[in-house]
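Shown here: entry35.txt, compact mmCIF, C-alpha atoms.
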# COMPACT_ATOMS: atom_id res chain seq x y z
CA MET G 1 23.42 -41.82 10.60
CA SER G 2 20.57 -41.10 8.22
CA GLY G 3 22.67 -42.13 5.24
CA ARG G 4 21.40 -39.16 3.25
CA PRO G 5 24.17 -37.79 1.05
CA ILE G 6 25.75 -34.54 2.20
CA THR G 7 24.76 -31.75 -0.18
CA GLU G 8 26.21 -28.34 -0.90
CA GLU G 9 23.24 -26.90 1.01
CA ASP G 10 24.22 -28.96 4.04
CA LEU G 11 27.73 -27.56 3.91
CA HIS G 12 26.52 -23.96 3.83
CA GLY G 13 23.97 -24.73 6.51
CA PHE G 14 26.81 -26.13 8.61
CA VAL G 15 28.75 -22.87 8.19
CA ASP G 16 25.71 -20.74 9.00
CA GLY G 17 24.66 -22.89 11.94
CA VAL G 18 21.16 -23.67 10.68
CA LEU G 19 21.29 -27.48 10.64
CA ALA G 20 19.50 -29.79 13.01
CA PRO G 21 21.83 -31.25 15.67
CA ASP G 22 21.92 -34.77 14.21
CA ARG G 23 22.65 -33.43 10.75
CA ILE G 24 25.57 -31.42 12.15
CA VAL G 25 27.05 -34.68 13.43
CA GLU G 26 26.70 -36.23 9.98
CA VAL G 27 28.29 -33.28 8.19
CA GLN G 28 31.11 -33.28 10.73
CA ALA G 29 31.72 -36.99 10.03
CA TYR G 30 31.74 -36.27 6.30
CA LEU G 31 34.26 -33.45 6.70
CA ASP G 32 36.52 -35.69 8.79
CA THR G 33 36.91 -37.98 5.81
CA HIS G 34 36.97 -35.29 3.08
CA PRO G 35 39.87 -32.94 3.72
CA ASP G 36 39.25 -30.85 0.59
CA ALA G 37 35.69 -30.11 1.61
CA ALA G 38 36.84 -29.53 5.18
CA GLN G 39 39.36 -26.95 4.02
CA ARG G 40 36.79 -25.17 1.89
CA ILE G 41 34.27 -25.13 4.73
CA ALA G 42 36.87 -23.78 7.11
CA GLY G 43 37.54 -21.02 4.60
CA TYR G 44 33.82 -20.17 4.39
CA ALA G 45 33.51 -20.15 8.16
CA GLY G 46 36.53 -17.86 8.56
CA GLN G 47 35.10 -15.54 5.94
CA ARG G 48 31.77 -15.49 7.67
CA SER G 49 33.11 -14.57 11.08
CA MET G 50 35.46 -11.98 9.62
CA LEU G 51 32.66 -10.35 7.62
CA ARG G 52 30.45 -10.23 10.68
CA ALA G 53 33.25 -8.73 12.75
CA ALA G 54 34.08 -6.17 10.07
CA LEU G 55 30.47 -5.00 9.83
CA ALA G 56 29.53 -5.26 13.50
CA PRO G 57 30.68 -1.70 14.37
CA ILE G 58 28.01 -0.21 12.08
CA ALA G 59 25.28 -1.83 14.13
CA GLU G 60 26.85 -0.55 17.34
CA GLU G 61 26.79 3.09 16.31
CA PRO G 62 24.29 5.33 18.03
CA LEU G 63 21.28 5.96 15.78
CA PRO G 64 21.13 9.29 13.98
CA PRO G 65 18.15 11.48 14.96
CA ASN G 66 16.37 11.00 11.62
CA LEU G 67 15.90 7.29 12.42
CA ASP G 68 13.82 7.83 15.55
CA LEU G 69 11.01 5.34 14.98
CA ALA G 70 8.97 6.43 18.02
CA ARG G 71 8.84 9.97 16.64
CA MET G 72 7.87 8.73 13.17
CA ILE G 73 4.98 6.77 14.65
CA ALA G 74 3.89 9.77 16.72
CA GLN G 75 3.96 11.98 13.63
CA ARG G 76 1.95 9.44 11.73
CA SER G 77 -0.85 9.48 14.31
CA ARG G 78 -0.80 13.30 14.26
CA PRO G 79 -0.35 13.72 10.50
CA ARG G 80 -0.22 17.50 10.47
CA SER G 81 1.27 19.23 13.43
CA ILE G 82 -0.23 22.68 12.96
CA SER G 83 0.85 25.41 15.32
CA ARG G 84 -1.68 27.07 17.58
CA ARG G 85 -1.14 30.35 15.78
CA ALA G 86 -1.93 28.77 12.42
CA LEU G 87 -5.04 27.19 13.90
CA ALA G 88 -6.16 30.53 15.35
CA ALA G 89 -5.57 32.25 12.01
CA ALA G 90 -7.52 29.53 10.20
CA ALA G 91 -10.40 29.91 12.67
CA VAL G 92 -10.57 33.66 12.00
CA VAL G 93 -10.62 33.11 8.24
CA LEU G 94 -13.34 30.43 8.50
CA LEU G 95 -15.45 32.60 10.76
CA ALA G 96 -15.17 35.52 8.32
CA LEU G 97 -16.07 33.24 5.41
CA GLY G 98 -19.02 31.87 7.36
CA ILE G 99 -20.41 35.32 8.13
CA ALA G 100 -19.89 36.58 4.58
CA GLY G 101 -21.26 33.41 3.06
CA GLY G 102 -24.24 33.29 5.37
CA TRP G 103 -25.17 36.86 4.52
CA THR G 104 -24.75 36.35 0.80
CA LEU G 105 -26.72 33.10 0.74
CA ARG G 106 -29.44 34.09 3.21
CA GLY G 107 -32.04 34.31 0.45
CA PRO G 108 -31.86 30.88 -1.24
CA ILE G 109 -31.21 28.94 1.96
CA LEU G 110 -34.03 30.46 3.93
CA ALA G 111 -36.58 30.32 1.13
CA PRO G 112 -38.68 27.22 1.80
CA GLN G 113 -39.17 25.01 -1.22
CA GLU G 114 -42.66 24.09 -2.21
CA GLY G 115 -44.38 22.48 -5.16
CA ILE G 116 -42.39 20.40 -7.63
CA ALA G 117 -39.20 22.34 -6.77
CA ALA G 118 -39.38 20.62 -3.38
CA VAL G 119 -40.07 17.24 -5.04
CA ALA G 120 -37.03 17.80 -7.27
CA GLN G 121 -34.82 18.58 -4.27
CA GLU G 122 -36.08 15.59 -2.29
CA ALA G 123 -35.49 13.25 -5.23
CA ALA G 124 -31.95 14.58 -5.69
CA ASP G 125 -31.22 14.19 -1.97
CA ASN G 126 -32.47 10.61 -1.91
CA TYR G 127 -30.59 9.81 -5.10
CA ALA G 128 -27.41 11.05 -3.40
CA VAL G 129 -28.04 8.84 -0.38
CA TYR G 130 -29.24 5.59 -1.95
CA ALA G 131 -27.85 5.35 -5.48
CA PRO G 132 -24.18 5.04 -4.39
CA ASP G 133 -25.13 2.48 -1.73
CA LYS G 134 -23.37 -0.82 -2.46
CA GLN G 135 -24.77 -2.64 0.54
CA ARG G 136 -28.49 -2.10 0.23
CA PRO G 137 -29.56 0.40 -2.41
CA VAL G 138 -33.14 -0.87 -2.21
CA GLU G 139 -35.06 -2.33 0.66
CA LEU G 140 -37.40 -4.48 -1.40
CA ARG G 141 -35.94 -6.00 -4.53
CA ALA G 142 -37.53 -6.25 -7.96
CA ALA G 143 -38.67 -9.78 -7.12
CA ASP G 144 -40.82 -8.33 -4.32
CA ARG G 145 -42.48 -5.83 -6.63
CA ALA G 146 -46.00 -6.69 -5.46
CA GLU G 147 -45.05 -6.17 -1.83
CA LEU G 148 -43.35 -2.88 -2.70
CA VAL G 149 -46.39 -1.61 -4.61
CA ALA G 150 -48.69 -2.54 -1.71
CA TRP G 151 -46.38 -0.89 0.82
CA THR G 152 -46.22 2.27 -1.29
CA ALA G 153 -49.99 2.41 -1.68
CA GLN G 154 -50.46 1.99 2.04
CA ARG G 155 -47.96 4.70 3.07
CA LEU G 156 -48.80 7.24 0.36
CA GLY G 157 -52.52 6.54 0.42
CA ARG G 158 -52.32 6.35 -3.37
CA PRO G 159 -51.12 3.51 -5.61
CA VAL G 160 -47.97 4.16 -7.63
CA ALA G 161 -47.25 1.77 -10.49
CA VAL G 162 -43.70 0.66 -11.24
CA PRO G 163 -42.68 2.10 -14.64
CA ASP G 164 -40.94 -0.27 -17.07
CA LEU G 165 -37.79 1.38 -18.48
CA ALA G 166 -36.49 -1.61 -20.45
CA ALA G 167 -36.91 0.36 -23.68
CA SER G 168 -34.25 2.78 -22.37
CA GLY G 169 -31.98 -0.03 -21.20
CA TYR G 170 -32.80 0.33 -17.49
CA ARG G 171 -33.91 -2.57 -15.29
CA PHE G 172 -36.02 -2.17 -12.17
CA MET G 173 -33.90 -2.93 -9.08
CA GLY G 174 -36.50 -2.38 -6.37
CA GLY G 175 -37.35 0.41 -3.99
CA ARG G 176 -38.22 1.67 -0.54
CA ILE G 177 -40.23 4.27 1.34
CA VAL G 178 -38.16 7.35 2.18
CA SER G 179 -38.90 10.40 4.28
CA THR G 180 -39.21 13.94 2.93
CA ALA G 181 -40.10 17.28 4.47
CA HIS G 182 -43.56 16.70 2.99
CA GLY G 183 -44.22 13.21 4.21
CA PRO G 184 -43.42 9.70 2.97
CA ALA G 185 -42.32 9.13 -0.62
CA ALA G 186 -41.76 6.08 -2.79
CA LEU G 187 -38.26 5.70 -4.21
CA PHE G 188 -37.85 3.26 -7.11
CA MET G 189 -34.40 2.48 -8.45
CA TYR G 190 -33.20 1.28 -11.87
CA ASP G 191 -29.84 0.40 -13.36
CA ASN G 192 -28.45 -0.37 -16.79
CA ASP G 193 -25.71 -2.69 -18.04
CA ARG G 194 -23.03 -0.15 -17.18
CA GLY G 195 -24.18 0.03 -13.58
CA THR G 196 -25.63 3.53 -13.99
CA ARG G 197 -28.48 4.05 -11.54
CA LEU G 198 -31.62 6.15 -11.87
CA VAL G 199 -34.23 6.83 -9.23
CA MET G 200 -37.84 7.86 -9.44
CA LEU G 201 -39.37 9.53 -6.40
CA ALA G 202 -43.11 9.94 -5.99
CA ARG G 203 -45.12 11.56 -3.20
CA VAL G 204 -48.44 13.24 -2.54
CA MET G 205 -48.45 16.99 -3.33
CA GLN G 206 -49.58 19.27 -0.53
CA GLY G 207 -51.15 22.51 -1.67
CA ALA G 208 -49.30 23.98 -4.60
CA ASP G 209 -48.62 22.18 -7.90
CA GLN G 210 -51.30 19.49 -7.85
CA ASN G 211 -50.57 19.41 -11.56
CA ALA G 212 -47.33 20.79 -12.98
CA SER G 213 -45.61 20.44 -16.30
CA MET G 214 -42.24 18.75 -16.52
CA THR G 215 -39.36 20.93 -15.30
CA PRO G 216 -35.64 20.15 -15.51
CA HIS G 217 -33.52 20.47 -12.39
CA GLY G 218 -30.08 19.53 -11.22
CA SER G 219 -26.63 20.88 -11.68
CA GLY G 220 -23.56 19.37 -13.28
CA SER G 221 -23.47 15.61 -13.67
CA ILE G 222 -26.66 14.73 -11.75
CA ASN G 223 -29.84 15.86 -13.45
CA GLY G 224 -33.54 15.38 -12.98
CA PHE G 225 -37.02 16.13 -14.29
CA ALA G 226 -39.92 16.82 -11.97
CA TRP G 227 -43.64 17.10 -12.65
CA ALA G 228 -46.98 16.57 -10.93
CA ASP G 229 -50.11 14.83 -12.12
CA ASN G 230 -53.38 14.67 -10.30
CA GLY G 231 -51.99 15.38 -6.83
CA LEU G 232 -48.92 13.16 -7.08
CA GLY G 233 -45.48 14.73 -7.60
CA TYR G 234 -42.70 12.84 -9.35
CA SER G 235 -39.06 13.31 -10.14
CA VAL G 236 -36.64 11.14 -12.13
CA VAL G 237 -32.97 11.69 -11.20
CA GLY G 238 -29.79 10.20 -12.61
CA PRO G 239 -26.23 10.86 -13.70
CA ALA G 240 -27.26 11.41 -17.31
CA ALA G 241 -27.29 14.47 -19.52
CA PRO G 242 -30.67 16.26 -19.68
CA ASP G 243 -30.98 15.20 -23.33
CA ALA G 244 -30.76 11.54 -22.35
CA LEU G 245 -32.87 11.83 -19.23
CA HIS G 246 -35.75 13.82 -20.68
CA PRO G 247 -37.16 11.03 -22.91
CA ILE G 248 -36.94 8.59 -19.97
CA ALA G 249 -38.90 10.98 -17.75
CA ASN G 250 -41.47 11.41 -20.53
CA ASP G 251 -41.76 7.64 -20.81
CA VAL G 252 -42.30 7.34 -17.03
CA ARG G 253 -44.94 10.05 -17.10
CA ARG G 254 -46.76 8.40 -19.99
CA GLN G 255 -46.84 5.01 -18.25
CA LEU G 256 -47.96 6.44 -14.91
CA SER G 257 -50.75 8.56 -16.34
CA ARG G 258 -52.02 5.52 -18.17
CA ASN G 259 -52.16 3.64 -14.91
CA ILE G 260 -53.97 6.24 -12.92
CA MET Z 261 1.64 0.89 16.77
CA ASN Z 262 3.26 -0.05 20.08
CA ASP Z 263 3.94 -3.55 18.83
CA MET Z 264 5.53 -2.03 15.75
CA LEU Z 265 7.93 0.01 17.88
CA ARG Z 266 8.76 -3.06 19.92
CA GLN Z 267 9.37 -5.29 16.91
CA ILE Z 268 10.98 -2.92 14.42
CA GLU Z 269 13.12 -0.61 16.54
CA PRO Z 270 15.65 -3.31 17.53
CA LEU Z 271 16.17 -4.05 13.81
CA ILE Z 272 17.22 -0.52 12.85
CA PRO Z 273 20.97 -1.06 13.46
CA ALA Z 274 20.89 -4.12 11.20
CA LEU Z 275 18.94 -2.22 8.55
CA ARG Z 276 21.56 0.54 8.59
CA ARG Z 277 24.33 -2.02 8.25
CA TYR Z 278 22.70 -3.77 5.30
CA ALA Z 279 21.93 -0.50 3.53
CA ARG Z 280 25.40 0.90 4.09
CA THR Z 281 27.16 -2.22 2.90
CA LEU Z 282 25.05 -2.35 -0.27
CA LEU Z 283 25.23 1.37 -1.05
CA ARG Z 284 28.71 2.10 0.36
CA ASP Z 285 27.49 5.57 1.21
CA ARG Z 286 26.84 6.36 4.85
CA ALA Z 287 24.45 9.30 4.47
CA GLY Z 288 22.67 7.78 1.49
CA ALA Z 289 22.17 4.53 3.40
CA ASP Z 290 20.67 6.32 6.41
CA ASP Z 291 18.33 8.23 4.11
CA LEU Z 292 17.28 4.91 2.65
CA VAL Z 293 16.60 3.44 6.09
CA GLN Z 294 14.55 6.51 6.99
CA ASP Z 295 12.53 6.06 3.81
CA CYS Z 296 12.09 2.38 4.67
CA LEU Z 297 10.90 3.12 8.21
CA GLU Z 298 8.40 5.70 7.00
CA ARG Z 299 6.93 3.21 4.59
CA ALA Z 300 6.84 0.62 7.33
CA VAL Z 301 4.97 2.98 9.65
CA ASN Z 302 2.44 3.71 6.91
CA HIS Z 303 1.90 0.08 5.96
CA TRP Z 304 2.32 -1.71 9.26
CA SER Z 305 -1.34 -2.57 9.56
CA GLN Z 306 -1.48 -3.89 5.99
CA ARG Z 307 1.41 -6.35 6.20
CA ARG Z 308 0.31 -9.91 5.57
CA ASP Z 309 3.04 -12.13 6.95
CA ASP Z 310 3.89 -12.50 10.55
CA ASN Z 311 7.62 -12.04 10.17
CA PRO Z 312 8.44 -8.38 10.77
CA ARG Z 313 12.15 -8.88 10.16
CA ALA Z 314 11.75 -10.45 6.73
CA TRP Z 315 9.02 -7.88 5.95
CA ILE Z 316 11.13 -4.83 6.75
CA PHE Z 317 14.24 -6.22 5.05
CA THR Z 318 12.11 -6.75 1.94
CA ILE Z 319 11.07 -3.07 1.96
CA LEU Z 320 14.66 -1.95 2.50
CA HIS Z 321 16.09 -4.26 -0.13
CA ASN Z 322 13.63 -3.08 -2.77
CA LEU Z 323 14.40 0.55 -1.97
CA ALA Z 324 18.12 -0.16 -2.11
CA ILE Z 325 17.88 -1.86 -5.49
CA THR Z 326 15.85 1.02 -6.87
CA ARG Z 327 18.41 3.47 -5.52
CA LEU Z 328 21.34 1.49 -6.90
CA ARG Z 329 19.77 1.22 -10.34
CA SER Z 330 18.97 4.93 -10.51
CA SER Z 331 22.39 5.98 -9.25
CA ALA Z 332 24.05 3.62 -11.71
CA SER Z 333 22.86 5.94 -14.44
CA ARG Z 334 24.02 9.02 -12.51
CA PRO Z 335 27.29 7.98 -10.86
CA ARG Z 336 28.40 10.00 -7.88
CA HIS Z 337 31.98 11.08 -8.22
CA ILE Z 338 33.44 9.81 -5.02
CA ALA Z 339 36.68 7.89 -5.11
CA ILE Z 340 36.08 4.36 -3.85
CA ASP Z 341 38.86 4.65 -1.28
CA ASP Z 342 37.47 7.84 0.20
CA ALA Z 343 33.99 6.41 0.38
CA GLN Z 344 35.31 3.26 2.00
CA GLU Z 345 37.31 5.23 4.55
CA GLU Z 346 34.29 7.25 5.57
CA THR Z 347 31.97 4.29 5.49
CA PHE Z 348 33.88 1.62 7.33
CA ALA Z 349 36.58 3.49 9.22
CA ARG Z 350 36.61 1.80 12.60
CA ALA Z 351 39.32 -0.77 12.79
CA PRO Z 352 39.91 -2.66 16.03
CA SER Z 353 43.60 -3.01 15.17
CA GLN Z 354 45.95 -2.20 12.32
CA GLU Z 355 46.20 -5.76 11.09
CA ASP Z 356 42.54 -6.63 11.47
CA GLY Z 357 41.65 -3.33 9.89
CA LEU Z 358 43.64 -4.17 6.80
CA ARG Z 359 42.15 -7.65 6.49
CA TYR Z 360 38.63 -6.37 7.08
CA ARG Z 361 39.14 -3.75 4.47
CA GLU Z 362 40.37 -6.26 1.91
CA LEU Z 363 37.41 -8.49 2.60
CA LEU Z 364 34.92 -5.63 2.33
CA GLU Z 365 36.50 -4.54 -0.93
CA ALA Z 366 36.11 -8.09 -2.22
CA VAL Z 367 32.48 -8.18 -1.07
CA ALA Z 368 31.89 -4.85 -2.78
CA ARG Z 369 33.13 -6.34 -6.05
CA LEU Z 370 30.60 -9.19 -5.90
CA PRO Z 371 27.65 -8.99 -8.25
CA GLU Z 372 24.76 -7.31 -6.54
CA ASP Z 373 22.57 -10.44 -6.32
CA GLN Z 374 25.33 -12.50 -4.70
CA LYS Z 375 26.18 -9.67 -2.32
CA SER Z 376 22.58 -9.42 -1.08
CA VAL Z 377 22.37 -13.14 -0.39
CA LEU Z 378 25.72 -13.20 1.41
CA LEU Z 379 24.85 -10.22 3.62
CA LEU Z 380 21.33 -11.36 4.49
CA ALA Z 381 22.23 -14.98 5.19
CA THR Z 382 25.56 -14.60 6.95
CA VAL Z 383 25.68 -11.11 8.46
CA GLU Z 384 22.02 -10.39 9.18
CA GLY Z 385 21.29 -13.99 10.12
CA LEU Z 386 18.16 -14.47 8.01
CA SER Z 387 17.32 -18.09 7.25
CA TYR Z 388 17.73 -19.23 3.65
CA ALA Z 389 13.95 -19.25 3.30
CA GLU Z 390 13.66 -15.70 4.66
CA THR Z 391 16.43 -14.56 2.34
CA ALA Z 392 14.59 -16.10 -0.59
CA GLY Z 393 11.44 -14.27 0.48
CA VAL Z 394 13.21 -10.90 0.78
CA LEU Z 395 14.79 -11.23 -2.64
CA GLY Z 396 11.74 -12.80 -4.26
CA VAL Z 397 13.66 -15.78 -5.65
CA PRO Z 398 13.44 -19.55 -5.09
CA ILE Z 399 15.51 -20.99 -2.27
CA GLY Z 400 17.63 -22.91 -4.79
CA THR Z 401 18.70 -19.60 -6.30
CA VAL Z 402 19.67 -18.37 -2.85
CA MET Z 403 21.84 -21.45 -2.35
CA SER Z 404 23.59 -21.16 -5.68
CA ARG Z 405 24.25 -17.43 -5.20
CA LEU Z 406 25.59 -18.03 -1.71
CA SER Z 407 27.81 -20.79 -3.02
CA ARG Z 408 29.19 -18.62 -5.82
CA ALA Z 409 29.75 -15.65 -3.52
CA ARG Z 410 31.69 -17.72 -0.99
CA GLU Z 411 33.73 -19.46 -3.65
CA ARG Z 412 34.64 -16.17 -5.24
CA LEU Z 413 35.67 -14.58 -1.94
CA LEU Z 414 37.89 -17.58 -1.16
CA LYS Z 415 39.56 -17.33 -4.55
CA GLU Z 416 40.16 -13.62 -4.11
CA ARG Z 417 41.66 -14.16 -0.69
CA ASP Z 418 43.94 -16.91 -1.92
CA GLY Z 419 44.83 -14.78 -4.90
CA ASP Z 420 45.84 -11.93 -2.61
CA ARG Z 421 47.94 -14.12 -0.42
CA GLY Z 422 49.63 -16.34 -2.95
CA ALA Z 423 51.14 -15.75 -6.35
CA GLN Z 424 49.08 -13.37 -8.42
CA PRO Z 425 49.98 -14.16 -11.99
CA VAL Z 426 47.79 -11.55 -13.62
CA ALA Z 427 48.85 -8.73 -11.36
CA GLN Z 428 52.50 -9.67 -11.66
CA LEU Z 429 52.36 -9.73 -15.42
CA ARG Z 430 51.03 -6.22 -15.35
CA ARG Z 431 53.74 -5.08 -13.03
CA VAL Z 432 56.54 -6.56 -15.11
CA LYS Z 433 55.19 -4.86 -18.16

Do you think you could lay out the structure here as structure tokens?
Amino acid sequence: MSGRPITEEDLHGFVDGVLAPDRIVEVQAYLDTHPDAAQRIAGYAGQRSMLRAALAPIAEEPLPPNLDLARMIAQRSRPRSISRRALAAAAVVLLALGIAGGWTLRGPILAPQEGIAAVAQEAADNYAVYAPDKQRPVELRAADRAELVAWTAQRLGRPVAVPDLAASGYRFMGGRIVSTAHGPAALFMYDNDRGTRLVMLARVMQGADQNASMTPHGSGSINGFAWADNGLGYSVVGPAAPDALHPIANDVRRQLSRNI
Amino acid sequence: MNDMLRQIEPLIPALRRYARTLLRDRAGADDLVQDCLERAVNHWSQRRDDNPRAWIFTILHNLAITRLRSSASRPRHIAIDDAQEETFARAPSQEDGLRYRELLEAVARLPEDQKSVLLLATVEGLSYAETAGVLGVPIGTVMSRLSRARERLLKERDGDRGAQPVAQLRRVK
């Protein structure tokens, strides 16, 4: 005997068969000397077995077809069961669209980009790849600025200073060397307090546009300004309206030309 | 997903029973179980605890409560007796059938929170702790609800068997 008083919880546990064996003995001893409690517990136990018996037939029924779990799991792993005919029809439509689209777009796609138009495209492409990167947007951080500048100078064959955009609310995050169709380029990244990121791409111009005035590019929410000075092409790209981005690009250009 | 099939499929009959007893509507209960299983299939990999039975009963219970609350505002016009006949008509014998039916009627009259505890802990065999987890209440609340449900069912039974002052007064009048 543990001597612990028998509680209401013990009595229900006794009815539901969830007590430890030695506690069952103790409750049994208690019930032997408390006929009122014993009667009540007998009533609960009778109720319990009757309720279980009354409801047991439901659990013995065969399952209706809509409760076939194996089929539900199979459907889940093949989310859309499209018929072969629908697939064939879709293939025909896509092929037709591809041919029509290819013909219509043959001009712009095939035209090779040169000059600062190419710089603008390369900057936009690299913005799209690196700016959303949460893991490693830059390879060398702002703290390693000297190393980054040396690396850039070595790969581009020309030094590129790191513009300071604090006046516009943007902090230098760092940068990396990226590849373009026209050789290596430096990509510097900045962000502001709202987490908005800008990039500046710089690379050596080959042939056309050794010097070019600032030109807006971009479409929709991502915009950019590209220009070339003294054989180096630049583009500043970010998710800002042209009105907001233009003064920043001007600031970058002013700082870089001072440094050259 | 194979372990899901192995662990959840054997529970489907119990899920149907719980849903049907709460809703008292055979087709509606099976729809609810289907809904529950679909959710389970979609969220199997995201479940945190390692107790599939308590997990799936929690999903079903929450769906059932939502269904009961929404249908409370739009009552379906089915006579209780007809619904009961359709829902629980499978009596092993005349006499048992009558007693079962009286008991199920009495269970049906219990407040919803007491009914859930009684069904989970006594019919479905969940531990008191699991029942508390399914209902999202402390274990002490489970115990007091269970106690009140059992006491009330005993009183109703004794009332049916013995003198029924209230009912008799009505009859005399």

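The chain Z residues that come within 6 Å of chain G are Pro273, Ala274, Arg277, Gln294, Tyr360 and Val383 of chain Z, with all atoms listed in the file taken into account.
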
Find the residues around Glu372 (chain Z) up to 9 Å (all atoms listed in the file counted), leave out those fewer than 5 positions away in its own chain, and share them as a PDB file with C-alpha atoms, in the coordinates of the input.
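What landed in part-v6.pdb:
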ATOM      1  CA  LEU Z 282      25.050  -2.350  -0.270  1.00  0.00           C
ATOM      2  CA  ILE Z 325      17.880  -1.860  -5.490  1.00  0.00           C
ATOM      3  CA  VAL Z 377      22.370 -13.140  -0.390  1.00  0.00           C
TER       4      VAL Z 377
END

key: Contacts of Ser219 (chain G) at 12 Å (all atoms listed in the file; same-chain gap of 4+ positions) as a count of residues only   = 12

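Using only C-alpha atoms, the smallest distance between any of G:Ala117, G:Met214, G:Val178, G:Ala131 and Leu201 (chain G) comes from G:Val178.
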
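Distances to Tyr234 (chain G) were evaluated for G:Asp10, G:Glu122, G:Glu147, G:Asp191 using only C-alpha atoms, and the minimum falls at G:Glu122.
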
key: Residue neighbourhood Ala368 (chain Z), 8 Å, all atoms listed in the file, exclusion window fewer than 4 positions, as a ChimeraX atom specification   = /Z:281-282,364,375

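Our summary of the geometry notes that CA of Leu406 (chain Z) is positioned 9.1 Å from CA of Ser376 (chain Z).
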
task = Report the distance between CA of Gly231 (chain G) and CA of Asn211 (chain G) in Å, rounded to one decimal place.
result = 6.4 Å

Render region 128-145 of chain G from the structure in the preceding block as a file of N, CA and C atoms, as an mmCIF file, in the first residue's frame.
data_model
loop_
_atom_site.group_PDB
_atom_site.id
_atom_site.type_symbol
_atom_site.label_atom_id
_atom_site.label_comp_id
_atom_site.auth_asym_id
_atom_site.auth_seq_id
_atom_site.Cartn_x
_atom_site.Cartn_y
_atom_site.Cartn_z
ATOM 1 N N ALA G 128 19.632 39.768 -61.247
ATOM 2 C CA ALA G 128 18.591 38.750 -61.060
ATOM 3 C C ALA G 128 19.142 37.514 -60.364
ATOM 4 N N VAL G 129 20.409 37.200 -60.600
ATOM 5 C CA VAL G 129 20.986 36.003 -59.984
ATOM 6 C C VAL G 129 21.412 36.273 -58.537
ATOM 7 N N TYR G 130 22.117 37.389 -58.313
ATOM 8 C CA TYR G 130 22.762 37.562 -57.006
ATOM 9 C C TYR G 130 21.966 38.389 -55.993
ATOM 10 N N ALA G 131 21.183 39.346 -56.437
ATOM 11 C CA ALA G 131 20.490 40.197 -55.463
ATOM 12 C C ALA G 131 19.501 39.419 -54.587
ATOM 13 N N PRO G 132 18.754 38.444 -55.155
ATOM 14 C CA PRO G 132 17.817 37.711 -54.282
ATOM 15 C C PRO G 132 18.516 36.660 -53.429
ATOM 16 N N ASP G 133 19.802 36.464 -53.599
ATOM 17 C CA ASP G 133 20.504 35.386 -52.902
ATOM 18 C C ASP G 133 20.580 35.682 -51.404
ATOM 19 N N LYS G 134 20.002 34.781 -50.594
ATOM 20 C CA LYS G 134 20.033 34.992 -49.146
ATOM 21 C C LYS G 134 21.287 34.383 -48.526
ATOM 22 N N GLN G 135 21.816 33.379 -49.202
ATOM 23 C CA GLN G 135 22.929 32.626 -48.665
ATOM 24 C C GLN G 135 24.239 33.414 -48.782
ATOM 25 N N ARG G 136 24.524 33.832 -50.021
ATOM 26 C CA ARG G 136 25.816 34.447 -50.262
ATOM 27 C C ARG G 136 25.706 35.436 -51.421
ATOM 28 N N PRO G 137 25.079 36.567 -51.161
ATOM 29 C CA PRO G 137 24.896 37.553 -52.235
ATOM 30 C C PRO G 137 26.224 38.087 -52.742
ATOM 31 N N VAL G 138 27.215 38.175 -51.835
ATOM 32 C CA VAL G 138 28.529 38.661 -52.262
ATOM 33 C C VAL G 138 29.569 37.629 -51.860
ATOM 34 N N GLU G 139 30.667 37.615 -52.587
ATOM 35 C CA GLU G 139 31.701 36.646 -52.244
ATOM 36 C C GLU G 139 32.698 37.249 -51.259
ATOM 37 N N LEU G 140 33.010 38.525 -51.476
ATOM 38 C CA LEU G 140 33.866 39.233 -50.511
ATOM 39 C C LEU G 140 33.033 40.344 -49.881
ATOM 40 N N ARG G 141 33.000 40.367 -48.563
ATOM 41 C CA ARG G 141 32.169 41.337 -47.876
ATOM 42 C C ARG G 141 32.816 42.713 -47.824
ATOM 43 N N ALA G 142 32.040 43.675 -47.371
ATOM 44 C CA ALA G 142 32.500 45.064 -47.305
ATOM 45 C C ALA G 142 33.802 45.180 -46.506
ATOM 46 N N ALA G 143 33.943 44.322 -45.478
ATOM 47 C CA ALA G 143 35.127 44.375 -44.646
ATOM 48 C C ALA G 143 36.392 44.029 -45.446
ATOM 49 N N ASP G 144 36.191 43.246 -46.528
ATOM 50 C CA ASP G 144 37.336 42.838 -47.347
ATOM 51 C C ASP G 144 37.458 43.708 -48.597
ATOM 52 N N ARG G 145 37.060 44.956 -48.444
ATOM 53 C CA ARG G 145 37.031 45.874 -49.583
ATOM 54 C C ARG G 145 38.381 45.933 -50.319
#
